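This is start07.csv (CSV, C-alpha atoms).
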```csv
chain,number,residue,atom,x,y,z
A,1,MET,CA,0.0,0.0,0.0
A,2,PRO,CA,1.5,3.4,-1.0
A,3,GLU,CA,2.5,5.9,1.7
A,4,PRO,CA,-0.1,8.6,2.2
A,5,THR,CA,0.8,11.9,0.5
A,6,LEU,CA,-1.0,14.0,3.1
A,7,GLU,CA,-0.4,13.6,6.9
A,8,LEU,CA,-1.9,15.0,10.0
A,9,ALA,CA,1.5,16.7,10.7
A,10,ASP,CA,1.1,18.7,7.5
A,11,ILE,CA,-2.2,20.1,8.6
A,12,PHE,CA,-0.8,20.9,12.0
A,13,ARG,CA,2.3,22.6,10.6
A,14,GLN,CA,0.3,24.8,8.2
A,15,HIS,CA,-2.6,25.7,10.3
A,16,GLY,CA,-1.6,24.8,13.9
A,17,PRO,CA,0.1,28.1,14.7
A,18,ALA,CA,-3.0,30.1,13.8
A,19,TYR,CA,-5.2,27.8,15.7
A,20,ARG,CA,-3.1,28.0,18.8
A,21,LYS,CA,-3.1,31.8,18.6
A,22,ALA,CA,-6.8,31.9,18.2
A,23,HIS,CA,-7.7,29.4,20.9
A,24,SER,CA,-6.6,28.9,24.5
A,25,LEU,CA,-5.5,25.3,24.7
A,26,PRO,CA,-4.4,23.2,27.8
A,27,LEU,CA,-0.8,22.3,28.0
A,28,HIS,CA,-1.2,18.7,27.0
A,29,GLN,CA,-2.9,19.7,23.7
A,30,HIS,CA,0.0,22.1,23.0
A,31,ARG,CA,2.4,19.3,23.6
A,32,LEU,CA,0.4,16.9,21.4
A,33,MET,CA,0.4,19.2,18.5
A,34,GLN,CA,4.1,19.9,18.8
A,35,ALA,CA,4.9,16.2,19.1
A,36,ILE,CA,3.0,15.4,15.9
A,37,GLU,CA,4.5,18.4,14.0
A,38,THR,CA,8.1,17.4,14.8
A,39,CYS,CA,7.7,13.6,14.6
A,40,ARG,CA,10.3,12.0,12.3
A,41,THR,CA,11.9,15.4,11.5
A,42,PRO,CA,15.4,16.8,12.1
A,43,ALA,CA,14.0,18.6,15.1
A,44,LEU,CA,14.0,15.3,17.1
A,45,GLY,CA,17.4,14.1,15.8
A,46,GLY,CA,18.0,10.8,14.2
A,47,VAL,CA,20.3,8.0,13.3
A,48,VAL,CA,22.5,7.8,10.2
A,49,GLU,CA,22.8,4.4,8.6
A,50,TRP,CA,25.2,3.4,5.8
A,51,CYS,CA,26.3,0.3,3.9
A,52,ASP,CA,30.1,-0.2,4.0
A,53,HIS,CA,29.9,-2.0,0.7
A,54,CYS,CA,28.0,0.3,-1.5
A,55,GLN,CA,28.3,3.5,0.6
A,56,TYR,CA,24.5,4.0,0.6
A,57,THR,CA,23.5,6.4,3.4
A,58,HIS,CA,20.1,6.7,4.9
A,59,THR,CA,18.9,8.9,7.8
A,60,ARG,CA,16.1,7.8,10.1
A,61,TYR,CA,14.6,10.6,12.2
A,62,ARG,CA,13.3,9.8,15.6
A,63,SER,CA,9.6,9.3,16.4
A,64,CYS,CA,7.7,11.4,18.9
A,65,ARG,CA,6.0,8.3,20.5
A,66,ASN,CA,3.0,10.3,21.4
A,67,ARG,CA,0.0,8.0,21.8
A,68,HIS,CA,-2.1,10.4,19.6
A,69,CYS,CA,0.3,10.4,16.7
A,70,PRO,CA,-0.9,8.3,13.7
A,71,LYS,CA,2.7,7.5,12.7
A,72,CYS,CA,3.9,6.1,16.1
A,73,GLN,CA,1.4,3.4,16.9
A,74,GLY,CA,2.8,0.5,14.9
A,75,ALA,CA,5.6,-0.5,17.2
A,76,ALA,CA,3.5,0.0,20.4
A,77,ARG,CA,0.7,-2.1,18.9
A,78,GLU,CA,3.0,-5.0,18.0
A,79,LYS,CA,4.6,-4.9,21.5
A,80,TRP,CA,1.2,-4.9,23.1
A,81,LEU,CA,0.0,-7.8,20.9
A,82,GLU,CA,3.0,-9.9,21.7
A,83,GLN,CA,2.3,-9.5,25.4
A,84,ARG,CA,-1.3,-10.4,24.9
A,85,ARG,CA,-0.5,-13.4,22.8
A,86,ALA,CA,0.7,-15.2,25.9
A,87,GLU,CA,-2.5,-14.5,27.8
A,88,LEU,CA,-5.2,-15.5,25.2
A,89,LEU,CA,-6.8,-18.8,26.0
A,90,PRO,CA,-7.6,-20.9,23.0
A,91,THR,CA,-11.4,-20.4,23.5
A,92,GLU,CA,-14.0,-18.2,22.0
A,93,TYR,CA,-13.9,-14.5,22.6
A,94,PHE,CA,-16.7,-11.9,22.3
A,95,HIS,CA,-16.4,-8.3,21.3
A,96,VAL,CA,-18.8,-6.2,23.5
A,97,VAL,CA,-19.2,-2.4,23.0
A,98,PHE,CA,-20.7,0.0,25.6
A,99,THR,CA,-21.7,3.4,24.3
A,100,LEU,CA,-22.8,6.6,26.1
A,101,PRO,CA,-26.0,8.4,24.8
A,102,GLU,CA,-25.3,11.7,23.3
A,103,PRO,CA,-26.7,13.9,26.1
A,104,ILE,CA,-24.5,12.0,28.6
A,105,ALA,CA,-21.5,12.3,26.3
A,106,ALA,CA,-22.1,16.1,26.4
A,107,ILE,CA,-21.3,15.9,30.1
A,108,ALA,CA,-18.2,13.8,29.5
A,109,PHE,CA,-16.9,16.4,27.1
A,110,PHE,CA,-16.1,18.9,29.9
A,111,ASN,CA,-15.3,16.1,32.5
A,112,LYS,CA,-13.3,13.7,30.6
A,113,GLU,CA,-11.2,12.2,33.3
A,114,ALA,CA,-14.1,11.8,35.7
A,115,VAL,CA,-16.6,10.4,33.2
A,116,TYR,CA,-14.1,8.2,31.3
A,117,GLY,CA,-13.1,6.6,34.6
A,118,LEU,CA,-16.8,6.1,35.5
A,119,LEU,CA,-17.4,4.5,32.1
A,120,PHE,CA,-14.6,2.0,32.8
A,121,ARG,CA,-15.9,1.2,36.3
A,122,ALA,CA,-19.6,0.8,35.3
A,123,THR,CA,-18.6,-1.4,32.3
A,124,ALA,CA,-16.3,-3.6,34.4
A,125,GLU,CA,-18.9,-4.0,37.2
A,126,THR,CA,-21.6,-4.8,34.7
A,127,LEU,CA,-19.6,-7.6,33.0
A,128,LEU,CA,-18.2,-9.0,36.2
A,129,THR,CA,-21.6,-9.0,38.0
A,130,ILE,CA,-23.7,-10.5,35.2
A,131,ALA,CA,-21.0,-13.1,34.5
A,132,ARG,CA,-21.0,-14.1,38.2
A,133,ASP,CA,-24.8,-14.5,38.3
A,134,PRO,CA,-25.6,-18.2,38.7
A,135,LYS,CA,-28.6,-17.6,36.4
A,136,ARG,CA,-26.2,-16.6,33.6
A,137,LEU,CA,-22.7,-18.1,33.5
A,138,GLY,CA,-21.8,-18.2,37.2
A,139,VAL,CA,-18.1,-17.6,36.4
A,140,GLU,CA,-15.2,-15.3,37.2
A,141,THR,CA,-14.3,-13.8,33.9
A,142,GLY,CA,-11.3,-11.8,32.7
A,143,PHE,CA,-11.2,-9.2,30.0
A,144,PHE,CA,-9.7,-5.9,28.9
A,145,ALA,CA,-11.4,-2.7,27.7
A,146,VAL,CA,-10.2,-0.1,25.2
A,147,LEU,CA,-11.5,3.5,25.2
A,148,HIS,CA,-12.4,5.2,22.0
A,149,THR,CA,-13.9,8.6,21.9
A,150,TRP,CA,-14.5,9.3,18.2
A,151,GLY,CA,-16.8,8.3,15.4
A,152,GLN,CA,-15.8,8.1,11.7
A,153,ASN,CA,-16.6,11.8,11.3
A,154,LEU,CA,-14.5,12.7,14.3
A,155,HIS,CA,-17.4,13.8,16.4
A,156,PHE,CA,-17.3,13.1,20.1
A,157,HIS,CA,-18.5,9.6,20.7
A,158,PRO,CA,-17.1,7.9,23.8
A,159,HIS,CA,-17.4,4.2,24.0
A,160,LEU,CA,-15.6,1.1,25.3
A,161,HIS,CA,-14.5,-1.9,23.3
A,162,CYS,CA,-14.3,-5.0,25.5
A,163,VAL,CA,-12.9,-8.4,24.5
A,164,VAL,CA,-14.3,-11.1,26.8
A,165,PRO,CA,-13.8,-14.9,26.8
A,166,GLY,CA,-16.9,-17.1,26.3
A,167,GLY,CA,-16.5,-18.6,29.8
A,168,GLY,CA,-14.6,-18.3,33.0
A,169,LEU,CA,-13.5,-19.8,36.3
A,170,SER,CA,-15.9,-21.5,38.6
A,171,PRO,CA,-16.5,-19.7,42.0
A,172,ASP,CA,-13.9,-22.1,43.6
A,173,HIS,CA,-11.4,-21.4,40.8
A,174,ASN,CA,-11.1,-25.2,40.2
A,175,ARG,CA,-13.0,-25.5,36.9
A,176,TRP,CA,-13.4,-23.7,33.6
A,177,ILE,CA,-17.0,-23.2,32.7
A,178,GLY,CA,-17.7,-22.5,29.1
A,179,GLY,CA,-20.7,-20.5,27.8
A,180,ARG,CA,-23.0,-21.4,25.0
A,181,ARG,CA,-21.4,-21.2,21.6
A,182,ARG,CA,-22.2,-17.9,19.7
A,183,PHE,CA,-23.9,-16.5,22.8
A,184,PHE,CA,-22.3,-14.5,25.5
A,185,LEU,CA,-24.7,-12.7,27.9
A,186,PRO,CA,-28.1,-11.1,27.3
A,187,VAL,CA,-27.5,-7.6,25.8
A,188,ARG,CA,-30.6,-6.1,27.4
A,189,VAL,CA,-29.6,-7.3,30.8
A,190,LEU,CA,-26.1,-5.8,30.3
A,191,SER,CA,-27.6,-2.6,29.0
A,192,ASN,CA,-30.0,-2.2,32.0
A,193,LEU,CA,-27.3,-2.8,34.6
A,194,PHE,CA,-24.8,-0.6,32.9
A,195,ARG,CA,-27.3,2.3,32.6
A,196,ARG,CA,-28.2,2.1,36.3
A,197,LEU,CA,-24.5,1.8,37.5
A,198,PHE,CA,-23.4,4.7,35.3
A,199,LEU,CA,-26.2,7.1,36.2
A,200,GLU,CA,-25.8,6.3,39.9
A,201,GLY,CA,-22.0,7.0,39.6
A,202,LEU,CA,-22.7,10.2,37.7
A,203,ALA,CA,-25.1,11.4,40.4
A,204,GLU,CA,-22.6,10.7,43.1
A,205,ALA,CA,-19.9,12.6,41.2
A,206,HIS,CA,-22.2,15.6,40.9
A,207,ALA,CA,-23.0,15.5,44.6
A,208,ALA,CA,-19.3,15.4,45.4
A,209,GLY,CA,-18.7,18.5,43.2
A,210,LYS,CA,-16.5,16.6,40.8
A,211,LEU,CA,-18.3,17.7,37.6
A,212,GLN,CA,-17.9,21.0,35.7
A,213,PHE,CA,-20.5,22.6,33.4
A,214,PHE,CA,-20.1,25.3,30.8
A,215,GLY,CA,-22.1,26.9,28.0
A,216,ASP,CA,-25.5,25.4,27.5
A,217,LEU,CA,-24.9,22.9,30.3
A,218,GLU,CA,-24.1,25.5,32.9
A,219,PRO,CA,-27.6,25.3,34.5
A,220,LEU,CA,-26.8,21.7,35.4
A,221,ARG,CA,-24.7,22.9,38.3
A,222,ASP,CA,-28.1,23.1,40.2
A,223,PRO,CA,-28.9,19.6,41.6
A,224,PRO,CA,-32.6,19.7,40.7
A,225,ALA,CA,-31.8,20.7,37.2
A,226,PHE,CA,-29.2,18.0,36.9
A,227,ALA,CA,-31.7,15.4,38.2
A,228,ARG,CA,-34.3,16.5,35.6
A,229,TYR,CA,-31.6,16.3,32.9
A,230,LEU,CA,-30.9,12.6,33.8
A,231,ALA,CA,-34.5,11.5,34.4
A,232,PRO,CA,-35.4,10.7,30.8
A,233,TRP,CA,-32.3,8.5,30.4
A,234,LYS,CA,-33.2,6.2,33.3
A,235,ASN,CA,-35.9,4.5,31.2
A,236,THR,CA,-34.2,4.7,27.8
A,237,ASP,CA,-32.3,1.8,26.2
A,238,TRP,CA,-28.6,2.4,26.2
A,239,VAL,CA,-26.6,0.9,23.3
A,240,VAL,CA,-24.6,-2.3,24.3
A,241,TYR,CA,-23.5,-4.3,21.3
A,242,ALA,CA,-22.2,-7.9,21.4
A,243,LYS,CA,-20.5,-9.3,18.3
A,244,ALA,CA,-20.4,-13.0,17.4
A,245,PRO,CA,-17.4,-14.8,18.7
A,246,PHE,CA,-14.0,-14.8,16.9
A,247,GLY,CA,-12.7,-17.9,15.2
A,248,GLY,CA,-9.8,-18.3,17.7
A,249,PRO,CA,-7.0,-16.6,19.5
A,250,GLN,CA,-5.1,-15.7,16.3
A,251,GLN,CA,-8.2,-14.1,14.9
A,252,VAL,CA,-8.6,-12.2,18.2
A,253,LEU,CA,-5.1,-10.8,17.9
A,254,GLU,CA,-5.6,-9.7,14.3
A,255,TYR,CA,-8.9,-8.0,15.2
A,256,LEU,CA,-7.4,-6.3,18.3
A,257,GLY,CA,-4.6,-4.8,16.2
A,258,ARG,CA,-7.2,-2.6,14.5
A,259,TYR,CA,-8.6,-1.3,17.8
A,260,THR,CA,-6.0,-1.1,20.6
A,261,HIS,CA,-3.7,1.6,19.4
A,262,ARG,CA,-5.9,3.4,16.9
A,263,VAL,CA,-6.0,7.2,16.9
A,264,ALA,CA,-8.9,9.4,16.0
A,265,ILE,CA,-7.9,9.4,12.3
A,266,SER,CA,-5.2,7.7,10.3
A,267,ASN,CA,-3.1,9.5,7.7
A,268,ARG,CA,-4.5,7.2,5.0
A,269,ARG,CA,-8.0,8.7,5.4
A,270,LEU,CA,-6.7,12.2,4.7
A,271,LEU,CA,-7.4,13.1,1.1
A,272,ALA,CA,-6.6,16.8,0.5
A,273,LEU,CA,-5.7,20.1,2.1
A,274,GLU,CA,-6.6,23.0,-0.2
A,275,ASP,CA,-7.5,26.6,0.4
A,276,GLY,CA,-7.8,26.0,4.2
A,277,GLN,CA,-10.2,23.0,3.7
A,278,VAL,CA,-9.4,19.4,4.8
A,279,SER,CA,-11.1,16.5,3.0
A,280,PHE,CA,-11.1,13.1,4.6
A,281,GLN,CA,-12.7,9.7,4.0
A,282,TRP,CA,-15.3,8.4,6.4
A,283,LYS,CA,-17.7,5.5,6.6
A,284,ASP,CA,-21.4,6.2,7.2
A,285,TYR,CA,-22.6,3.3,9.3
A,286,ARG,CA,-26.2,4.7,9.1
A,287,ASP,CA,-26.1,4.4,5.3
A,288,GLY,CA,-25.1,0.9,4.8
A,289,ASN,CA,-21.4,1.5,5.7
A,290,ARG,CA,-21.0,3.6,2.6
A,291,SER,CA,-17.6,5.3,2.2
A,292,LYS,CA,-18.0,9.1,1.8
A,293,VAL,CA,-15.9,12.2,1.7
A,294,MET,CA,-16.3,15.0,4.2
A,295,THR,CA,-14.7,18.5,3.8
A,296,VAL,CA,-14.4,20.9,6.7
A,297,SER,CA,-12.2,23.9,7.5
A,298,ALA,CA,-8.7,23.3,8.8
A,299,GLU,CA,-9.7,25.0,12.0
A,300,GLU,CA,-12.8,22.7,12.5
A,301,PHE,CA,-10.7,19.7,11.6
A,302,ILE,CA,-8.1,20.5,14.3
A,303,ARG,CA,-10.9,21.2,16.8
A,304,ARG,CA,-12.4,17.8,16.1
A,305,PHE,CA,-9.1,16.0,16.5
A,306,LEU,CA,-8.0,17.7,19.7
A,307,GLN,CA,-11.3,16.9,21.5
A,308,HIS,CA,-10.1,13.3,21.5
A,309,ALA,CA,-6.9,14.1,23.4
A,310,LEU,CA,-6.8,12.0,26.5
A,311,PRO,CA,-6.1,13.6,29.9
A,312,PRO,CA,-2.5,13.3,30.9
A,313,GLY,CA,-1.6,9.9,32.4
A,314,PHE,CA,-5.0,8.5,31.7
A,315,GLN,CA,-4.9,4.7,30.9
A,316,ARG,CA,-7.1,3.9,27.9
A,317,ILE,CA,-6.5,0.1,28.0
A,318,ARG,CA,-7.5,-1.5,31.3
A,319,TYR,CA,-7.8,-5.1,32.5
A,320,TYR,CA,-10.3,-6.8,34.8
A,321,GLY,CA,-11.2,-10.1,36.5
A,322,PHE,CA,-8.5,-12.7,36.3
A,323,LEU,CA,-6.6,-10.4,33.9
A,324,ALA,CA,-6.4,-7.5,36.4
A,325,ASN,CA,-2.9,-6.3,36.9
A,326,CYS,CA,-2.9,-6.7,40.7
A,327,HIS,CA,-3.2,-10.5,40.5
A,328,ARG,CA,-2.9,-11.4,36.8
A,329,ALA,CA,0.0,-13.9,37.2
A,330,LYS,CA,-1.8,-16.1,39.8
A,331,SER,CA,-5.3,-15.8,38.4
A,332,TRP,CA,-4.3,-16.3,34.8
A,333,ILE,CA,-2.3,-19.5,35.6
A,334,SER,CA,-5.4,-20.8,37.4
A,335,ALA,CA,-7.6,-20.0,34.4
A,336,ALA,CA,-5.2,-21.6,32.0
A,337,SER,CA,-4.9,-24.7,34.1
A,338,CYS,CA,-8.6,-25.0,34.5
A,339,TRP,CA,-9.1,-24.5,30.8
A,340,GLN,CA,-6.5,-27.2,29.9
A,341,ARG,CA,-8.2,-29.7,32.2
A,342,SER,CA,-11.5,-29.1,30.4
A,343,ALA,CA,-10.1,-28.7,26.9
A,344,PRO,CA,-10.6,-31.2,24.1
A,345,CYS,CA,-8.0,-33.9,24.0
A,346,CYS,CA,-6.3,-32.4,20.9
A,347,PHE,CA,-5.4,-29.4,23.0
A,348,ARG,CA,-4.8,-31.3,26.2
A,349,SER,CA,-2.0,-33.4,24.7
A,350,ARG,CA,0.0,-30.3,23.8
A,351,PRO,CA,2.1,-28.3,26.2
A,352,MET,CA,0.7,-24.9,27.3
A,353,ALA,CA,3.6,-23.1,25.7
A,354,ALA,CA,2.8,-24.6,22.3
A,355,ILE,CA,-0.8,-23.4,22.6
A,356,PHE,CA,-0.2,-19.9,23.8
A,357,TRP,CA,3.1,-18.8,22.3
A,358,ARG,CA,4.1,-18.4,18.7
A,359,ARG,CA,7.8,-18.0,17.9
A,360,SER,CA,8.9,-14.9,16.2
A,361,PRO,CA,11.1,-15.5,13.1
A,362,PRO,CA,14.8,-15.2,13.7
A,363,ALA,CA,16.4,-11.8,13.1
A,364,THR,CA,18.3,-11.5,9.9
A,365,SER,CA,21.5,-9.5,9.5
A,366,GLY,CA,21.6,-6.6,7.1
A,367,CYS,CA,24.3,-4.6,5.6
A,368,ALA,CA,23.3,-1.3,7.3
A,369,HIS,CA,25.2,-0.2,10.3
A,370,ASN,CA,24.3,2.6,12.8
A,371,ALA,CA,26.9,5.3,12.5
A,372,GLY,CA,25.9,8.1,14.8
A,373,LEU,CA,23.3,10.6,15.8
A,374,ALA,CA,22.2,13.5,13.7
A,375,SER,CA,22.2,16.7,15.6
```

Would you mind writing the file's structure down as structure tokens?
Amino acid sequence: MPEPTLELADIFRQHGPAYRKAHSLPLHQHRLMQAIETCRTPALGGVVEWCDHCQYTHTRYRSCRNRHCPKCQGAAREKWLEQRRAELLPTEYFHVVFTLPEPIAAIAFFNKEAVYGLLFRATAETLLTIARDPKRLGVETGFFAVLHTWGQNLHFHPHLHCVVPGGGLSPDHNRWIGGRRRFFLPVRVLSNLFRRLFLEGLAEAHAAGKLQFFGDLEPLRDPPAFARYLAPWKNTDWVVYAKAPFGGPQQVLEYLGRYTHRVAISNRRLLALEDGQVSFQWKDYRDGNRSKVMTVSAEEFIRRFLQHALPPGFQRIRYYGFLANCHRAKSWISAASCWQRSAPCCFRSRPMAAIFWRRSPPATSGCAHNAGLAS
């Protein structure tokens, strides 16, 4: 696939200075723009490589490694996938998405850290609680969740992508209990519990003074007004989507590679920058997934991109259940052992390492040598 001719960095370099002058931005957004503008340029230095046979010289400039940069996610994604490869059980996995309604997302826009954190907590408690219910699966599950805050048109659309195994540990952690094939948990049950937990957490955050309101939402600082604003959404269906199970662990990894380290827009979707207008490709899911072209001003494009900047230090990938970081080693070994005891004989006869690990190809030697650093 050919390299894109237009990059996000080009838009930032041409129109970023004027945007920063016209708008008061928080420090982390200033740093984000600067990182993307200088990524893989002489400003960050680099490494000179040459071949001592043909004297060919090539300079590789350093990457900014900012998590919002579309050019810096490849290596981070591969490293993360390699770590996850050792944790995937050879069982079915489901993709479950939890989405905030638009009026609730409006509150999140001015309270990103508080509401994003609440979204993670409500989602995790929903999945863990319903999975533990003896009427459902009655298991201790383990999963991870990835936060996305954008739609294809770059509008603000916070939602969580969760990858959950189709089963889990028995309450005594001695057996692996598998769920029904091609069915995870009732979506309506998940939706109702998620809605209740999230709205309760949002009301508690408001009572504790942890929420801020500006513009049209400023009247919501008043508790009665806030309660009236939330009331209609207590009886409305919230979107929880569960996709059919993947074919296996390798398919899970390939699928995850498209989600875990994705940024709001890739360089390949950028089509043109002309006369202060940015054109980009987007997919309209409401119109049969048709591919369309949207053109907006450079100022509006930058505004849309920056609204997806995460708060400094915020973790957008989190782990729960037997994959939680605090006890992952012990709990995952227990889950793997239980699964192996209940696995089909074709798996049981193979060592765990053969099931969970895939060897990387050996490194090949090239004729390029690192010579030094570019100033």

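Here atom CA of A:Leu6 stands at a distance of 17.2 Å from atom CA of A:Ala35.
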
field: From A:Leu27, A:Leu199, A:Leu32, A:Cys162, residue lying nearest A:Val146 [only C-alpha atoms]
entry: A:Cys162

Residue neighbourhood stretch 109-113 of chain A, 12 Å, only C-alpha atoms, exclusion window fewer than 2 positions, as a PyMOL selection string: chain A and resi 100+102-107+115-120+147+149-150+155-158+202+205-206+209-218+304+306-316

task: Report the distance between atom CA of A:Glu200 and atom CA of A:Pro186 in Å, rounded to one decimal place.
output: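 Those two atoms sit 21.6 Å apart.
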
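Between atom CA of A:Leu220 and atom CA of A:Thr123 the separation is 24.7 Å.
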
- prompt: With all atoms listed in the file as the atoms that count, which of A:Ser63, A:Gln83, A:Thr57, A:Thr295 lies nearest to A:Arg40?
  reply: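 Distance minimum relative to A:Arg40 lands on A:Ser63.
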
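Of the residues listed (A:Cys64, A:Leu89, A:Ala9, A:Leu193), A:Leu193 shows the shortest atom-to-atom separation from A:Ala124; distances use only C-alpha atoms.
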
- request: Please determine the residues with any atom at most 9 Å from (-7.4, 22.7, 13.6) (coordinates as given in the file, with all atoms listed in the file counting) and report them as a PyMOL selection string.
  value: chain A and resi 11-12+15-16+18-20+297-306

Resulting file, chosen residues, C-alpha atoms, as an mmCIF file, in the frame of the given file:
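Written output follows (selection02.cif):
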```cif
data_model
loop_
_atom_site.group_PDB
_atom_site.id
_atom_site.type_symbol
_atom_site.label_atom_id
_atom_site.label_comp_id
_atom_site.auth_asym_id
_atom_site.auth_seq_id
_atom_site.Cartn_x
_atom_site.Cartn_y
_atom_site.Cartn_z
ATOM 1 C CA ILE A 11 -2.200 20.100 8.600
ATOM 2 C CA PHE A 12 -0.800 20.900 12.000
ATOM 3 C CA HIS A 15 -2.600 25.700 10.300
ATOM 4 C CA GLY A 16 -1.600 24.800 13.900
ATOM 5 C CA ALA A 18 -3.000 30.100 13.800
ATOM 6 C CA TYR A 19 -5.200 27.800 15.700
ATOM 7 C CA ARG A 20 -3.100 28.000 18.800
ATOM 8 C CA SER A 297 -12.200 23.900 7.500
ATOM 9 C CA ALA A 298 -8.700 23.300 8.800
ATOM 10 C CA GLU A 299 -9.700 25.000 12.000
ATOM 11 C CA GLU A 300 -12.800 22.700 12.500
ATOM 12 C CA PHE A 301 -10.700 19.700 11.600
ATOM 13 C CA ILE A 302 -8.100 20.500 14.300
ATOM 14 C CA ARG A 303 -10.900 21.200 16.800
ATOM 15 C CA ARG A 304 -12.400 17.800 16.100
ATOM 16 C CA PHE A 305 -9.100 16.000 16.500
ATOM 17 C CA LEU A 306 -8.000 17.700 19.700
#
```

Find the nearest atom pair between each residue of stretch 26-120 of chain A and stretch 169-178 of chain A for residues within 12 Å, count only C-alpha atoms, give distances in Å to one decimal, sort rows by chain and ascending number, and present the table as a tab-separated table.
```
residue	atom	partner	partner_atom	distance
A:Leu89	CA	A:Trp176	CA	11.2
A:Pro90	CA	A:Gly178	CA	11.9
A:Thr91	CA	A:Gly178	CA	8.7
A:Glu92	CA	A:Gly178	CA	9.1
A:Tyr93	CA	A:Gly178	CA	11.0
```

task: Find the spatial neighbours of A:Gln14, counting all atoms listed in the file, within a cut-off of 10 Å - ignore same-chain residues fewer than 6 positions away - and output them as a list of chain:residue names.
output: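 The filter keeps A:Glu37, A:Leu273, A:Gly276, A:Ala298.
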
- prompt: In terms of the shortest atom-to-atom distance over only C-alpha atoms, which of A:Tyr56, A:Tyr259, A:Tyr61, A:Tyr285 is closest to A:Ala43?
  reply: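 With only C-alpha atoms as the atom set, the closest residue is A:Tyr61.
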
- prompt: Between A:Val189, A:Val164, A:Ala122, A:Leu25, which one has atoms that come closest to A:Arg136, using all atoms listed in the file?
  reply: A:Val189

- prompt: Pick from A:Val239, A:Tyr229, A:Leu185, A:Ser266: nearest to A:His159, with only C-alpha atoms counted?
  reply: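 Among the listed residues, A:Val239 lies closest to A:His159.
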
Since the input has fewer atoms than a full residue there, write stretch 195-210 of chain A out with N, CA and C atoms, as a PDB file, keeping the file's coordinate frame.
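Done, and the output landed in selection22.pdb:
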```pdb
ATOM      1  N   ARG A 195     -26.613   0.977  32.525  1.00  0.00           N
ATOM      2  CA  ARG A 195     -27.300   2.300  32.600  1.00  0.00           C
ATOM      3  C   ARG A 195     -27.474   2.672  34.097  1.00  0.00           C
ATOM      4  N   ARG A 196     -27.923   1.736  34.928  1.00  0.00           N
ATOM      5  CA  ARG A 196     -28.200   2.100  36.300  1.00  0.00           C
ATOM      6  C   ARG A 196     -26.849   2.411  37.045  1.00  0.00           C
ATOM      7  N   LEU A 197     -25.818   1.599  36.845  1.00  0.00           N
ATOM      8  CA  LEU A 197     -24.500   1.800  37.500  1.00  0.00           C
ATOM      9  C   LEU A 197     -23.926   3.167  37.078  1.00  0.00           C
ATOM     10  N   PHE A 198     -24.012   3.462  35.787  1.00  0.00           N
ATOM     11  CA  PHE A 198     -23.400   4.700  35.300  1.00  0.00           C
ATOM     12  C   PHE A 198     -24.145   5.918  35.832  1.00  0.00           C
ATOM     13  N   LEU A 199     -25.472   5.905  35.780  1.00  0.00           N
ATOM     14  CA  LEU A 199     -26.200   7.100  36.200  1.00  0.00           C
ATOM     15  C   LEU A 199     -26.075   7.260  37.756  1.00  0.00           C
ATOM     16  N   GLU A 200     -25.990   6.172  38.508  1.00  0.00           N
ATOM     17  CA  GLU A 200     -25.800   6.300  39.900  1.00  0.00           C
ATOM     18  C   GLU A 200     -24.380   6.926  40.200  1.00  0.00           C
ATOM     19  N   GLY A 201     -23.377   6.466  39.464  1.00  0.00           N
ATOM     20  CA  GLY A 201     -22.000   7.000  39.600  1.00  0.00           C
ATOM     21  C   GLY A 201     -21.963   8.464  39.209  1.00  0.00           C
ATOM     22  N   LEU A 202     -22.698   8.834  38.167  1.00  0.00           N
ATOM     23  CA  LEU A 202     -22.700  10.200  37.700  1.00  0.00           C
ATOM     24  C   LEU A 202     -23.365  11.132  38.738  1.00  0.00           C
ATOM     25  N   ALA A 203     -24.463  10.656  39.345  1.00  0.00           N
ATOM     26  CA  ALA A 203     -25.100  11.400  40.400  1.00  0.00           C
ATOM     27  C   ALA A 203     -24.227  11.628  41.595  1.00  0.00           C
ATOM     28  N   GLU A 204     -23.482  10.591  41.953  1.00  0.00           N
ATOM     29  CA  GLU A 204     -22.600  10.700  43.100  1.00  0.00           C
ATOM     30  C   GLU A 204     -21.428  11.693  42.770  1.00  0.00           C
ATOM     31  N   ALA A 205     -20.926  11.665  41.545  1.00  0.00           N
ATOM     32  CA  ALA A 205     -19.900  12.600  41.200  1.00  0.00           C
ATOM     33  C   ALA A 205     -20.378  14.044  41.214  1.00  0.00           C
ATOM     34  N   HIS A 206     -21.625  14.250  40.805  1.00  0.00           N
ATOM     35  CA  HIS A 206     -22.200  15.600  40.900  1.00  0.00           C
ATOM     36  C   HIS A 206     -22.364  16.055  42.300  1.00  0.00           C
ATOM     37  N   ALA A 207     -22.859  15.167  43.158  1.00  0.00           N
ATOM     38  CA  ALA A 207     -23.000  15.500  44.600  1.00  0.00           C
ATOM     39  C   ALA A 207     -21.721  15.830  45.247  1.00  0.00           C
ATOM     40  N   ALA A 208     -20.648  15.188  44.796  1.00  0.00           N
ATOM     41  CA  ALA A 208     -19.300  15.400  45.400  1.00  0.00           C
ATOM     42  C   ALA A 208     -18.617  16.620  44.776  1.00  0.00           C
ATOM     43  N   GLY A 209     -19.258  17.306  43.835  1.00  0.00           N
ATOM     44  CA  GLY A 209     -18.700  18.500  43.200  1.00  0.00           C
ATOM     45  C   GLY A 209     -17.535  18.164  42.250  1.00  0.00           C
ATOM     46  N   LYS A 210     -17.548  16.972  41.653  1.00  0.00           N
ATOM     47  CA  LYS A 210     -16.500  16.600  40.800  1.00  0.00           C
ATOM     48  C   LYS A 210     -16.744  16.894  39.288  1.00  0.00           C
TER      49      LYS A 210
END
```
